[in-house]
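Asks: Hey, dropping run-v1.pdb in here, PDB, C-alpha atoms, pLDDT in the B column:
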ATOM      1  CA  MET A   1       0.000   0.000   0.000  1.00 39.00           C
ATOM      2  CA  ILE A   2       1.235   3.507  -0.772  1.00 41.00           C
ATOM      3  CA  SER A   3       2.155   5.563   2.253  1.00 42.00           C
ATOM      4  CA  ARG A   4       0.574   8.933   2.930  1.00 46.00           C
ATOM      5  CA  MET A   5       3.751  10.755   1.881  1.00 49.00           C
ATOM      6  CA  ASN A   6       3.599   9.377  -1.683  1.00 68.00           C
ATOM      7  CA  LYS A   7       0.061  10.582  -2.379  1.00 84.00           C
ATOM      8  CA  LEU A   8      -0.367  13.714  -4.412  1.00 90.00           C
ATOM      9  CA  THR A   9      -1.573  16.900  -2.772  1.00 91.00           C
ATOM     10  CA  THR A  10      -3.452  19.852  -4.212  1.00 91.00           C
ATOM     11  CA  CYS A  11      -0.592  22.198  -3.366  1.00 92.00           C
ATOM     12  CA  PHE A  12       1.938  19.961  -5.133  1.00 93.00           C
ATOM     13  CA  ILE A  13      -0.261  19.720  -8.252  1.00 92.00           C
ATOM     14  CA  GLU A  14      -0.529  23.497  -8.497  1.00 92.00           C
ATOM     15  CA  LYS A  15       3.213  24.086  -8.041  1.00 93.00           C
ATOM     16  CA  ILE A  16       4.741  21.303 -10.140  1.00 92.00           C
ATOM     17  CA  LYS A  17       6.307  22.448 -13.415  1.00 92.00           C
ATOM     18  CA  GLN A  18       8.801  19.686 -14.193  1.00 95.00           C
ATOM     19  CA  PRO A  19       7.596  17.269 -16.935  1.00 95.00           C
ATOM     20  CA  GLY A  20       6.974  13.688 -15.873  1.00 94.00           C
ATOM     21  CA  LYS A  21       4.537  11.247 -14.304  1.00 94.00           C
ATOM     22  CA  TYR A  22       3.496  11.656 -10.684  1.00 94.00           C
ATOM     23  CA  TYR A  23       1.697   8.650  -9.233  1.00 93.00           C
ATOM     24  CA  ASP A  24      -1.140   8.476  -6.731  1.00 92.00           C
ATOM     25  CA  ILE A  25      -3.330   5.553  -5.614  1.00 89.00           C
ATOM     26  CA  HIS A  26      -5.436   3.051  -7.643  1.00 88.00           C
ATOM     27  CA  GLY A  27      -3.317   3.507 -10.771  1.00 89.00           C
ATOM     28  CA  LEU A  28      -4.027   7.237 -10.888  1.00 93.00           C
ATOM     29  CA  PHE A  29      -1.242   9.534 -12.059  1.00 94.00           C
ATOM     30  CA  LEU A  30      -0.685  13.090 -13.157  1.00 95.00           C
ATOM     31  CA  ARG A  31       1.232  13.576 -16.390  1.00 96.00           C
ATOM     32  CA  VAL A  32       2.949  16.948 -16.752  1.00 96.00           C
ATOM     33  CA  TYR A  33       3.987  17.803 -20.313  1.00 96.00           C
ATOM     34  CA  PRO A  34       6.931  20.029 -21.341  1.00 95.00           C
ATOM     35  CA  ALA A  35       4.483  22.692 -22.555  1.00 94.00           C
ATOM     36  CA  GLY A  36       3.107  22.918 -19.002  1.00 92.00           C
ATOM     37  CA  SER A  37      -0.240  21.163 -19.410  1.00 94.00           C
ATOM     38  CA  LYS A  38      -1.262  18.675 -16.726  1.00 95.00           C
ATOM     39  CA  ASN A  39      -3.583  15.745 -17.354  1.00 95.00           C
ATOM     40  CA  TRP A  40      -4.990  12.950 -15.220  1.00 95.00           C
ATOM     41  CA  TYR A  41      -4.602   9.344 -16.336  1.00 95.00           C
ATOM     42  CA  GLN A  42      -5.372   5.980 -14.813  1.00 93.00           C
ATOM     43  CA  ARG A  43      -3.618   2.732 -15.602  1.00 92.00           C
ATOM     44  CA  LEU A  44      -5.657  -0.435 -15.043  1.00 89.00           C
ATOM     45  CA  THR A  45      -5.123  -4.074 -15.899  1.00 85.00           C
ATOM     46  CA  ILE A  46      -8.238  -5.704 -17.317  1.00 81.00           C
ATOM     47  CA  ASN A  47      -8.141  -9.355 -18.379  1.00 77.00           C
ATOM     48  CA  GLY A  48      -4.352  -9.330 -18.259  1.00 79.00           C
ATOM     49  CA  LYS A  49      -4.006  -6.319 -20.563  1.00 83.00           C
ATOM     50  CA  ARG A  50      -2.830  -2.912 -19.432  1.00 88.00           C
ATOM     51  CA  HIS A  51      -4.977   0.080 -20.357  1.00 86.00           C
ATOM     52  CA  GLU A  52      -4.491   3.807 -19.770  1.00 90.00           C
ATOM     53  CA  PHE A  53      -7.578   5.956 -19.464  1.00 89.00           C
ATOM     54  CA  GLY A  54      -7.554   9.728 -19.680  1.00 91.00           C
ATOM     55  CA  LEU A  55      -9.579  11.319 -16.888  1.00 92.00           C
ATOM     56  CA  GLY A  56      -9.274  14.985 -17.808  1.00 92.00           C
ATOM     57  CA  ASN A  57      -7.270  18.135 -17.354  1.00 94.00           C
ATOM     58  CA  ALA A  58      -5.813  18.848 -13.910  1.00 93.00           C
ATOM     59  CA  ASN A  59      -6.842  22.516 -14.152  1.00 92.00           C
ATOM     60  CA  ILE A  60     -10.497  21.520 -14.571  1.00 93.00           C
ATOM     61  CA  LYS A  61     -10.861  18.409 -12.380  1.00 93.00           C
ATOM     62  CA  SER A  62      -9.921  18.535  -8.723  1.00 92.00           C
ATOM     63  CA  LEU A  63      -7.813  15.878  -7.035  1.00 92.00           C
ATOM     64  CA  SER A  64     -10.673  14.665  -4.820  1.00 92.00           C
ATOM     65  CA  ASN A  65     -13.063  14.224  -7.762  1.00 93.00           C
ATOM     66  CA  VAL A  66     -10.465  12.382  -9.820  1.00 94.00           C
ATOM     67  CA  ARG A  67      -9.638  10.092  -6.894  1.00 93.00           C
ATOM     68  CA  LYS A  68     -13.323   9.187  -6.519  1.00 92.00           C
ATOM     69  CA  GLU A  69     -13.574   8.456 -10.236  1.00 91.00           C
ATOM     70  CA  ALA A  70     -10.333   6.440 -10.150  1.00 91.00           C
ATOM     71  CA  PHE A  71     -11.551   4.349  -7.220  1.00 91.00           C
ATOM     72  CA  LYS A  72     -14.843   3.658  -9.010  1.00 90.00           C
ATOM     73  CA  ASN A  73     -12.959   2.594 -12.165  1.00 88.00           C
ATOM     74  CA  PHE A  74     -10.581   0.448 -10.110  1.00 89.00           C
ATOM     75  CA  LYS A  75     -13.469  -1.293  -8.357  1.00 87.00           C
ATOM     76  CA  ASN A  76     -15.319  -1.860 -11.654  1.00 84.00           C
ATOM     77  CA  SER A  77     -12.194  -3.319 -13.277  1.00 82.00           C
ATOM     78  CA  LYS A  78     -12.033  -5.940 -10.506  1.00 79.00           C
ATOM     79  CA  ILE A  79     -15.716  -6.803 -11.021  1.00 77.00           C
ATOM     80  CA  VAL A  80     -15.158  -7.183 -14.774  1.00 71.00           C
ATOM     81  CA  LYS A  81     -12.114  -9.370 -14.133  1.00 62.00           C
ATOM     82  CA  ASN A  82     -14.064 -11.666 -11.776  1.00 65.00           C
ATOM     83  CA  ASN A  83     -17.039 -11.915 -14.153  1.00 63.00           C
ATOM     84  CA  VAL A  84     -14.789 -12.790 -17.082  1.00 59.00           C
ATOM     85  CA  ARG A  85     -13.015 -15.422 -14.995  1.00 62.00           C
ATOM     86  CA  LYS A  86     -16.364 -17.015 -14.034  1.00 63.00           C
ATOM     87  CA  HIS A  87     -17.494 -16.908 -17.669  1.00 56.00           C
ATOM     88  CA  GLN A  88     -14.255 -18.566 -18.831  1.00 59.00           C
ATOM     89  CA  GLN A  89     -14.583 -21.321 -16.235  1.00 62.00           C
ATOM     90  CA  ARG A  90     -18.184 -21.999 -17.238  1.00 59.00           C
ATOM     91  CA  ASN A  91     -17.288 -22.089 -20.931  1.00 54.00           C
ATOM     92  CA  LYS A  92     -14.308 -24.334 -20.217  1.00 54.00           C
ATOM     93  CA  TYR A  93     -16.639 -26.862 -18.584  1.00 51.00           C
ATOM     94  CA  LEU A  94     -19.137 -26.692 -21.451  1.00 45.00           C
ATOM     95  CA  ALA A  95     -16.392 -26.970 -24.029  1.00 47.00           C
ATOM     96  CA  THR A  96     -14.938 -30.152 -22.503  1.00 47.00           C
ATOM     97  CA  LYS A  97     -18.403 -31.685 -22.083  1.00 46.00           C
ATOM     98  CA  GLU A  98     -19.364 -31.069 -25.724  1.00 47.00           C
ATOM     99  CA  MET A  99     -15.924 -31.723 -27.217  1.00 45.00           C
ATOM    100  CA  PRO A 100     -16.432 -35.303 -28.517  1.00 49.00           C
ATOM    101  CA  LEU A 101     -19.554 -34.300 -30.441  1.00 46.00           C
ATOM    102  CA  VAL A 102     -17.892 -31.262 -32.011  1.00 44.00           C
ATOM    103  CA  ALA A 103     -14.682 -33.134 -32.823  1.00 45.00           C
ATOM    104  CA  THR A 104     -16.590 -36.020 -34.382  1.00 47.00           C
ATOM    105  CA  LYS A 105     -18.574 -33.802 -36.728  1.00 45.00           C
ATOM    106  CA  SER A 106     -15.626 -31.666 -37.821  1.00 46.00           C
ATOM    107  CA  ASN A 107     -13.200 -34.564 -38.195  1.00 46.00           C
ATOM    108  CA  HIS A 108     -15.728 -36.675 -40.092  1.00 47.00           C
ATOM    109  CA  LEU A 109     -15.972 -33.948 -42.709  1.00 48.00           C
ATOM    110  CA  ASN A 110     -12.191 -33.508 -42.997  1.00 49.00           C
ATOM    111  CA  TRP A 111     -10.902 -37.084 -42.929  1.00 47.00           C
ATOM    112  CA  GLY A 112     -12.974 -38.603 -45.700  1.00 51.00           C
ATOM    113  CA  ASN A 113     -11.636 -42.135 -45.067  1.00 54.00           C
ATOM    114  CA  ASP A 114     -14.127 -44.389 -43.257  1.00 54.00           C
ATOM    115  CA  PHE A 115     -11.363 -46.714 -42.087  1.00 54.00           C
ATOM    116  CA  LYS A 116      -9.627 -43.865 -40.210  1.00 53.00           C
ATOM    117  CA  ILE A 117     -12.901 -42.752 -38.671  1.00 53.00           C
ATOM    118  CA  ARG A 118     -13.773 -46.231 -37.405  1.00 56.00           C
ATOM    119  CA  ASN A 119     -10.334 -46.830 -35.876  1.00 56.00           C
ATOM    120  CA  THR A 120     -10.045 -43.542 -33.947  1.00 55.00           C
ATOM    121  CA  GLY A 121     -12.727 -44.465 -31.425  1.00 56.00           C
ATOM    122  CA  TRP A 122     -15.007 -41.537 -32.251  1.00 51.00           C
ATOM    123  CA  ARG A 123     -18.691 -42.287 -32.505  1.00 52.00           C
ATOM    124  CA  ILE A 124     -20.496 -41.147 -35.623  1.00 48.00           C
TER     125      ILE A 124
END
Written as structure tokens, how would this file's structure read?
Replies:
Amino acid sequence: MISRMNKLTTCFIEKIKQPGKYYDIHGLFLRVYPAGSKNWYQRLTINGKRHEFGLGNANIKSLSNVRKEAFKNFKNSKIVKNNVRKHQQRNKYLATKEMPLVATKSNHLNWGNDFKIRNTGWRI
């Protein structure tokens, strides 16, 4: 967990001029560009893939509002991840249960030799 000292503050956001990325909690960070503009971004991992979402300009959106939005996004990304995992497990079970039927139909069309079909053990 990030300590209190590493979190961004409103005073720091107003004063910072040096270009770079300044990280906060829940994947939230402030990107300062060389031209002086400051934008909020959030980096989340969804289904094993990293995504960066733009949350707006730091001059328009306050730190507290962006943190609330970032926490909501972070929480939703975990829900999506769990739902996808459940869906994959359910489909894995269905796929293994129906596999002989699917394999028989597809292989019967591709093999073309009745002798091979009879000797593989697949039912037609």
Asks: As a check of understanding, name the residues that the PyMOL selection byres ((chain A and resi 31) around 10) selects in the supplied structure, as a VMD selection string.
Replies: chain A and resid 18 to 23 28 to 30 32 to 34 36 to 41 57 to 58
Asks: Run the PyMOL selection byres ((chain A and resi 67) around 10) on the file and write out the hits as number ranges by chain.
Replies: A: 24-29, 40, 42, 62-66, 68-73
Asks: Counting only C-alpha atoms, write as an MDAnalysis selection string all protein and nucleic acid residues lying at most 7 Å from (-8.9, -6.1, -14.2) in the file's frame.
Replies: chainID A and resid 44:48 77:78 80:81
Asks: Create the file for the chosen residues now, containing C-alpha atoms and written as a PDB file, keeping the file's coordinate frame.
Replies:
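Saved as out-v7.pdb:
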ATOM      1  CA  LEU A  44      -5.657  -0.435 -15.043  1.00 89.00           C
ATOM      2  CA  THR A  45      -5.123  -4.074 -15.899  1.00 85.00           C
ATOM      3  CA  ILE A  46      -8.238  -5.704 -17.317  1.00 81.00           C
ATOM      4  CA  ASN A  47      -8.141  -9.355 -18.379  1.00 77.00           C
ATOM      5  CA  GLY A  48      -4.352  -9.330 -18.259  1.00 79.00           C
ATOM      6  CA  SER A  77     -12.194  -3.319 -13.277  1.00 82.00           C
ATOM      7  CA  LYS A  78     -12.033  -5.940 -10.506  1.00 79.00           C
ATOM      8  CA  VAL A  80     -15.158  -7.183 -14.774  1.00 71.00           C
ATOM      9  CA  LYS A  81     -12.114  -9.370 -14.133  1.00 62.00           C
TER      10      LYS A  81
END
Asks: Record the distance separating CA of Asn59 in chain A and CA of Asn76 in chain A, expressed in Å with one decimal.
Replies: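 Separation of CA of Asn59 in chain A and CA of Asn76 in chain A: 25.9 Å.
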Asks: May I ask which of the residues A:Phe74, A:Lys17, A:Ala35, A:Ile79 is the closest one to Phe53 in chain A, counting only C-alpha atoms?
Replies: A:Phe74
Asks: Just the number, please: distance in Å from CA of Lys61 in chain A to CA of Phe12 in chain A, one decimal.
Replies: 14.8 Å
Asks: Just need the box for range 16-25 of chain A, edges along x, y and z, holding every atom the file lists for it with 6 Å tacked onto each side, so centre and edge lengths in Å to one decimal, as lines of an AutoDock Vina configuration file.
Replies:
center_x = 2.7
center_y = 14.0
center_z = -11.3
size_x = 24.1
size_y = 28.9
size_z = 23.3
